[in-house]
Amino acid sequence: MRHTLAVLVENNPGVLARVSSLFSRRGYNIDSLAVGRTDDPAVSRMTIVVEGDARVLEQVNKQLHKLVDIIKISDITADEFVDRELVLIKVNADPSIRGEVMQIADVFRARIVDLGQNTITLECTGNGGKVNAFEEAVKPYCIKELVRTGKIAMWRGAKYTGFPGSSNKTNKEDE
Amino acid sequence: MKKSGGNIIVDCLLAEGVDTIFGYPGGAALPIYDALFDSDIKHILTRHEQGAVHAADGYARASGKPGVCIATSGPGATNLVTGIANACMDSIPLVAFTGQVATSLLGKDSFQEADITGITLPITKHNYMVKDINELGDVIKEAFYIATTGRPGPVLVDIPKDVSSGYTEYEDTGPVYLPGYTPVLQPDSQQVSRVVRAIAEAERPVIYAGGGVISSGAYNELRELAEKTLIPVTTTLMGMGCFPGDHPLSLGMLGMHGSKYANYAVSESDLLVGVGVRFDDRVTGKLDTFAPNARIAHFDIDPAEIGKNVRVDYSINGDAKNTLRAVIDQLEKGSGKPWNGQIDRWKEDYPLEFEKNGSLKPQQVIREIYNVTKGQARIATEVGQHQMWAAHYYHYSRPRTFISSGGLGTMGYGFPASLGVQAACPGEAVFDIAGDGSFQMNTQELMTAVNYNLPVKIAILNNGYLGMVRQWQELFFDRRYSYTEIANPDFVKLAEAYGAVGMRITDSSGVRPALEQALEIDRPVVMDFIIEREENVYPMVPPGEAINNMLG
Ligand SMILES: Cc1ncc(C[n+]2csc(CCOP(=O)(O)OP(=O)(O)O)c2C)c(N)n1
Ligand SMILES: [Mg+2]
C-alpha cells in the first residue's frame with residue numbers, strides 16, 4: 001500500500017541527503033518527496049510517499065526516527081486528509097488548436113501561465129489522480145516539457161501534525 | 001576572553017572527561033594539534049589513522065567511556081572510514097574529529113579535500129561539519145551526548161581549518177537541545193508484565209544476550225535473572241563476557257560457530273528472550289527455521305531493531321539494565337529444571353572439544369592463555385578462525401574483556417584495538433589473538449606499542465593461510481585454495497626490528513612456558529605460534545542452513 005508521511009525535520013544542511021541515503025541503502029521505495037520550510041524557519045516539512053506493507057512501513061518509520069535531525073513523523077494516510085500536487089505542462093499548440101487545449105484546461109480548472117508562438121504552458125493543481133488525468137488529456141498535443149512538485153498533504157479537520165518542542169525552540173533562540 | 005577553535009576543542013574534551021586520544025596530524029588539523037601541544041590530554045600517535053580509530057574503539061570497549069580519535073582532512077579522514085564503520089556496526093561510542101580545508105575552499109576539489117561527512121553519512125550515528133566557530137562548542141557537546149546515550153555509536157565532527165584557527169568568545173551554553181533525539185530508557189510496565197507471564201509459562205526458555213547487555217552495564221541484572229529463573233543463557237560474539245562463560249547456566253555462543261548445545265537449545269526452545277541483540281544472520285542462520293517452536297521476546301534500546309529481522313511476540317523498548325531490573329522485580333522464583341536436565345545432557349553429549357594429536361593446535365594455545373591468565377586477561381582478536389577459537393576456548397567471566405570486531409568482521413582491528421585496551425587498562429594483561437593474515441593489516445602499530453610502552457602480548461596463530469577463507473574453500477569450493485595461502489615475514493625478526501620482543505613456538509610443549517615468559521616481560525611481545533595448518537573451526541552451520549544443522 002501507498003503511505004503518505006509528513007516528516008518534520010530540523011532545517012540543517014544535509015538532512016535531505018540523510019533521508020534519501022536511508023531510503024536507498026535500506027531498499028525502500030520512494031514514490032515522491034517534497035520538501036519546504038514550515039512557519040518556523042528552523043523546521044522543514046517533508047512529504048514522503050512510500051510504497052510498502054505494514055512491516056516495511058514500520059521499519060521506514062523507525063529508521064527515519066533514528067536520524068537525529070528528524071523531529072516527528074506522521075502517517076497522513078492513517079486518517080482523512082487532503083493532498084495536492086502541482087504540475088506545469090508545456091504542450092505544442094499552434095494557434096489553430098489553442099482553443100481545444102484551452103477547453104481541456106477549463107475542464108480541469110488548469111490555468112494558462114504562458115503562451116509561446118506555438119506552445120502553451122498550463123498549471124494544474126489537484127490530487128495525484130486529477131493531475132494524472134490532466135496529463136493524459138493533454139498528451140495528444142505532444143508534451144514538450146512536464147514538471148511535477150510531488151505530493152504535499154495535510155489532515156482534514158482539527159487534527160494536525162505539530163512540533164511538540166517548537167515553542168521550546170523559540171524560547172531557546174530568544175534567550 | 002577570546003579562544004581559538006583549537007582551544008575550544010581541547011576545553012570541550014576536558015569537560016567531557018577525556019584523558020586519552022589517538023590520532024595523526026596533518027595540514028588541516030594543525031590548529032587542533034597546536035592546542036593539544038600544551039594540554040593535559042594524552043595523545044597517542046599511531047602509525048596509521050586506521051590504527052587510531054581502532055585504538056579509540058578498543059579504548060571505548062574496555063573502559064565504557066567514549067573513544068576519541070583525530071585525523072587530518074582528505075586521506076587522513078578517509079583512512080578512518082573502516083574504523084568508523086566497524087564502531088557503527090558494533091554500537092561503540094566514538095567521537096572522531098577530522099580537519100577539513102578552510103570553508104572558502106570547500107567544494108572546489110581543494111588540496112586534501114574529501115567530503116567526509118558525505119562519505120561517513122551511512123556509517124555514523126550522526127555527523128557534523130562545523131562552519132561557524134560559534135557553534136563549535138555546542139556541536140562537540142552534542143557529539144559526545146549522541147555517541148554515548150541511547151544505542152551508542154560513532155559521531156564524526158569535521159572542522160574546517162579556518163574554524164579551528166579562528167577566535168571567539170566561548171561559553172558553555174548548558175544542556176544539549178535535540179528535539180529529534182529522545183532515546184527511550186525506561187521499559188513500559190505493561191510490556192514487562194506480558195514478558196513476565198510468558199517466562200512463567202515457558203517450559204523450555206532460553207536467554208539470548210548480546211552487546212547491549214555490556215553497553216548498558218547490565219551484567220549483574222542478567223545474571224540475577226538467569227539464576228532466579230534457572231534459564232540458560234547463550235551469548236552472541238558481541239555478548240561474550242556479559243554472562244560468566246564458566247557458569248553452569250552458560251551455553252556459550254550461538255549461531256554459525258556456536259556450540260551445539262546452544263544451537264540445539266535455541267532450536268528446541270519454546271521462549272527465546274533476546275536482550276540487547278539484533279538477530280544477525282550469523283546468529284539466526286536460515287531465518288524461517290530459526291527457533292521454530294519459540295515465541296520470541298526482544299528487549300532493545302533501539303526500537304528499529306525490534307521486528308527488523310524476525311517477527312517478535314513480545315517487545316520491550318528500553319535500556320537493557322532497566323528492562324532486566326523491571327522483569328526481575330515482577331518475577332517469582334521459577335522452576336525450569338526438566339529442561340536444564342536436557343541441556344546438561346546436550347552439554348555432555350556434544351562438548352566443545354578438539355582432537356589432540358600431539359601437534360601444536362590453535363585451540364590449545366587459547367586454552368593455555370586462559371590457564372596462565374586465570375581468565376583475567378583482556379582479549380582482543382583479529383578476524384578469522386583464530387577469532388572463533390578465542391571465543392570458544394577462553395571463558396570470559398567479566399564484561400569488556402573480549403574485544404572483537406563482530407558486525408563488520410574487520411581484519412586488522414584487533415592489534416590497534418588492543419593498544420587502546422591497554423591504554424585504558426594499564427597494568428592489566430592484554431592480548432591480541434591474531435591470525436598471520438590479519439596481523440599484517442596493521443603491523444605498523446608495533447611501533448606505537450613500543451613507542452608508548454603498551455606491553456600488549458600478540459599471539460599469532462600462524463597457519464600460513466587466510467584460514468577462515470581456506471576453510472570455506474575446503475568445504476564449499478572443492479578444496480580449490482585460490483589465493484588463500486599466504487607468505488609471511490619472519491615475525492620474530494619483525495618484532496625485534498620494531499624494538500619489541502619476538503618468540504617462535506613450534507610444538508605444543510612450548511606453549512605454556514612461552515606464555516609465562518611473555519607475561520613476565522613488561523614490553524610488547526609477539527609470539528609466533530606455528531599451528532597445524534589445516535585445522536578447521538567446528539561446529540559450523542553451513543551458510544543458509546538451520547542452526548541445528550551443524551558440521552563437525
Ligand atoms: C579487511 C578484511 N578483508 C578481508 C576479509 C575476509 N576474511 C575473513 S577471515 C579472513 C582470513 C583471515 O586470515 P588470518 O588472519 O590468517 O586468520 P585465520 O583465519 O587464518 O585464523 C579473510 C581474508 C576480512 N574479514 N576483513
Ligand atoms: Mg591465518
# chains A, B, ... in the order shown; residues from 1 in each chain; ligands from 1

call {"tool": "interface_residues", "arguments": {"of": "chain A", "to": "chain B", "cutoff": "10 Å", "atoms": "only C-alpha atoms", "output": "number ranges by chain"}}
result
A: 8-10, 12-14, 17-18, 21-22, 25, 55-56, 58-72, 163-166, 168-169, 172

call {"tool": "select_by_dssp", "arguments": {"residues": "stretch 107-198 of chain B", "states": "alpha helix (DSSP H)", "output": "PyMOL selection string"}}
result
chain B and resi 116-119+136-148+161-165+189-198

call {"tool": "residues_near_ligand", "arguments": {"ligand": "ligand 2", "cutoff": "8 Å", "atoms": "only C-alpha atoms and all ligand atoms", "output": "PDB file with N, CA and C atoms, in the first residue's frame"}}
result
ATOM      1  N   GLY B 384      38.862 -14.114  11.829  1.00  0.00           N
ATOM      2  CA  GLY B 384      39.180 -15.361  11.127  1.00  0.00           C
ATOM      3  C   GLY B 384      38.977 -16.537  12.069  1.00  0.00           C
ATOM      4  N   GLN B 385      39.632 -17.635  11.754  1.00  0.00           N
ATOM      5  CA  GLN B 385      39.486 -18.837  12.576  1.00  0.00           C
ATOM      6  C   GLN B 385      39.933 -18.593  14.018  1.00  0.00           C
ATOM      7  N   HIS B 386      41.074 -17.917  14.164  1.00  0.00           N
ATOM      8  CA  HIS B 386      41.615 -17.660  15.500  1.00  0.00           C
ATOM      9  C   HIS B 386      40.603 -16.921  16.375  1.00  0.00           C
ATOM     10  N   GLY B 435      45.582 -13.673  13.644  1.00  0.00           N
ATOM     11  CA  GLY B 435      45.939 -14.569  12.558  1.00  0.00           C
ATOM     12  C   GLY B 435      47.139 -13.970  11.850  1.00  0.00           C
ATOM     13  N   ASP B 436      47.868 -14.795  11.131  1.00  0.00           N
ATOM     14  CA  ASP B 436      49.034 -14.287  10.413  1.00  0.00           C
ATOM     15  C   ASP B 436      48.608 -13.293   9.334  1.00  0.00           C
ATOM     16  N   GLY B 437      47.441 -13.519   8.751  1.00  0.00           N
ATOM     17  CA  GLY B 437      46.949 -12.592   7.733  1.00  0.00           C
ATOM     18  C   GLY B 437      46.536 -11.271   8.351  1.00  0.00           C
ATOM     19  N   SER B 438      45.681 -11.341   9.335  1.00  0.00           N
ATOM     20  CA  SER B 438      45.142 -10.121   9.947  1.00  0.00           C
ATOM     21  C   SER B 438      46.233  -9.246  10.533  1.00  0.00           C
ATOM     22  N   LEU B 461      48.369 -16.960  15.677  1.00  0.00           N
ATOM     23  CA  LEU B 461      48.116 -18.366  15.366  1.00  0.00           C
ATOM     24  C   LEU B 461      48.438 -18.517  13.883  1.00  0.00           C
ATOM     25  N   ASN B 462      49.688 -18.882  13.633  1.00  0.00           N
ATOM     26  CA  ASN B 462      50.239 -18.818  12.280  1.00  0.00           C
ATOM     27  C   ASN B 462      49.983 -20.129  11.544  1.00  0.00           C
ATOM     28  N   ASN B 463      49.063 -20.088  10.597  1.00  0.00           N
ATOM     29  CA  ASN B 463      48.783 -21.276   9.784  1.00  0.00           C
ATOM     30  C   ASN B 463      49.202 -21.095   8.329  1.00  0.00           C
ATOM     31  N   GLY B 464      49.802 -19.957   8.023  1.00  0.00           N
ATOM     32  CA  GLY B 464      50.237 -19.742   6.640  1.00  0.00           C
ATOM     33  C   GLY B 464      49.076 -19.629   5.662  1.00  0.00           C
ATOM     34  N   TYR B 465      47.909 -19.427   6.222  1.00  0.00           N
ATOM     35  CA  TYR B 465      46.712 -19.312   5.385  1.00  0.00           C
ATOM     36  C   TYR B 465      45.838 -18.164   5.856  1.00  0.00           C
ATOM     37  N   LEU B 466      45.040 -17.651   4.952  1.00  0.00           N
ATOM     38  CA  LEU B 466      43.864 -16.890   5.341  1.00  0.00           C
ATOM     39  C   LEU B 466      42.856 -17.971   5.705  1.00  0.00           C
ATOM     40  N   GLY B 467      43.022 -18.453   6.938  1.00  0.00           N
ATOM     41  CA  GLY B 467      42.479 -19.749   7.314  1.00  0.00           C
ATOM     42  C   GLY B 467      40.971 -19.869   7.194  1.00  0.00           C
ATOM     43  N   MET B 468      40.252 -18.843   7.594  1.00  0.00           N
ATOM     44  CA  MET B 468      38.794 -18.950   7.550  1.00  0.00           C
ATOM     45  C   MET B 468      38.295 -19.055   6.114  1.00  0.00           C
ATOM     46  N   ILE B 486      49.312 -17.871   2.280  1.00  0.00           N
ATOM     47  CA  ILE B 486      49.895 -16.541   2.447  1.00  0.00           C
ATOM     48  C   ILE B 486      51.333 -16.657   2.931  1.00  0.00           C
TER      49      ILE B 486
END

call {"tool": "atom_distance", "arguments": {"atom1": "atom CA of B:Arg295", "atom2": "atom CA of B:Ala326"}}
result
20.1 Å

call {"tool": "select_by_dssp", "arguments": {"residues": "stretch 94-318 of chain B", "states": "strand (DSSP E or B)", "output": "count of residues only"}}
result
48

call {"tool": "closest_residue", "arguments": {"among": "B:Gly406, B:Gly502, B:Gly107, B:Gly217", "to": "ligand 1", "atoms": "only C-alpha atoms and all ligand atoms"}}
result
B:Gly406

call {"tool": "atom_distance", "arguments": {"atom1": "atom CA of A:Ala54", "atom2": "atom CA of A:Asp31"}}
result
16.4 Å

call {"tool": "residues_around", "arguments": {"residues": "B:Leu272", "least_positions_apart": "6", "cutoff": "8 Å", "atoms": "only C-alpha atoms", "output": "list in words"}}
result
Pro205, Val206, Ile207, Tyr208, Val266, Ala291, Ala294, Arg295, Ile296 and Ala297 of chain B

call {"tool": "residues_around", "arguments": {"residues": "stretch 93-100 of chain A", "least_positions_apart": "3", "cutoff": "12 Å", "atoms": "only C-alpha atoms", "output": "PyMOL selection string"}}
result
chain A and resi 89-90+103-107+112+114-122+137-144
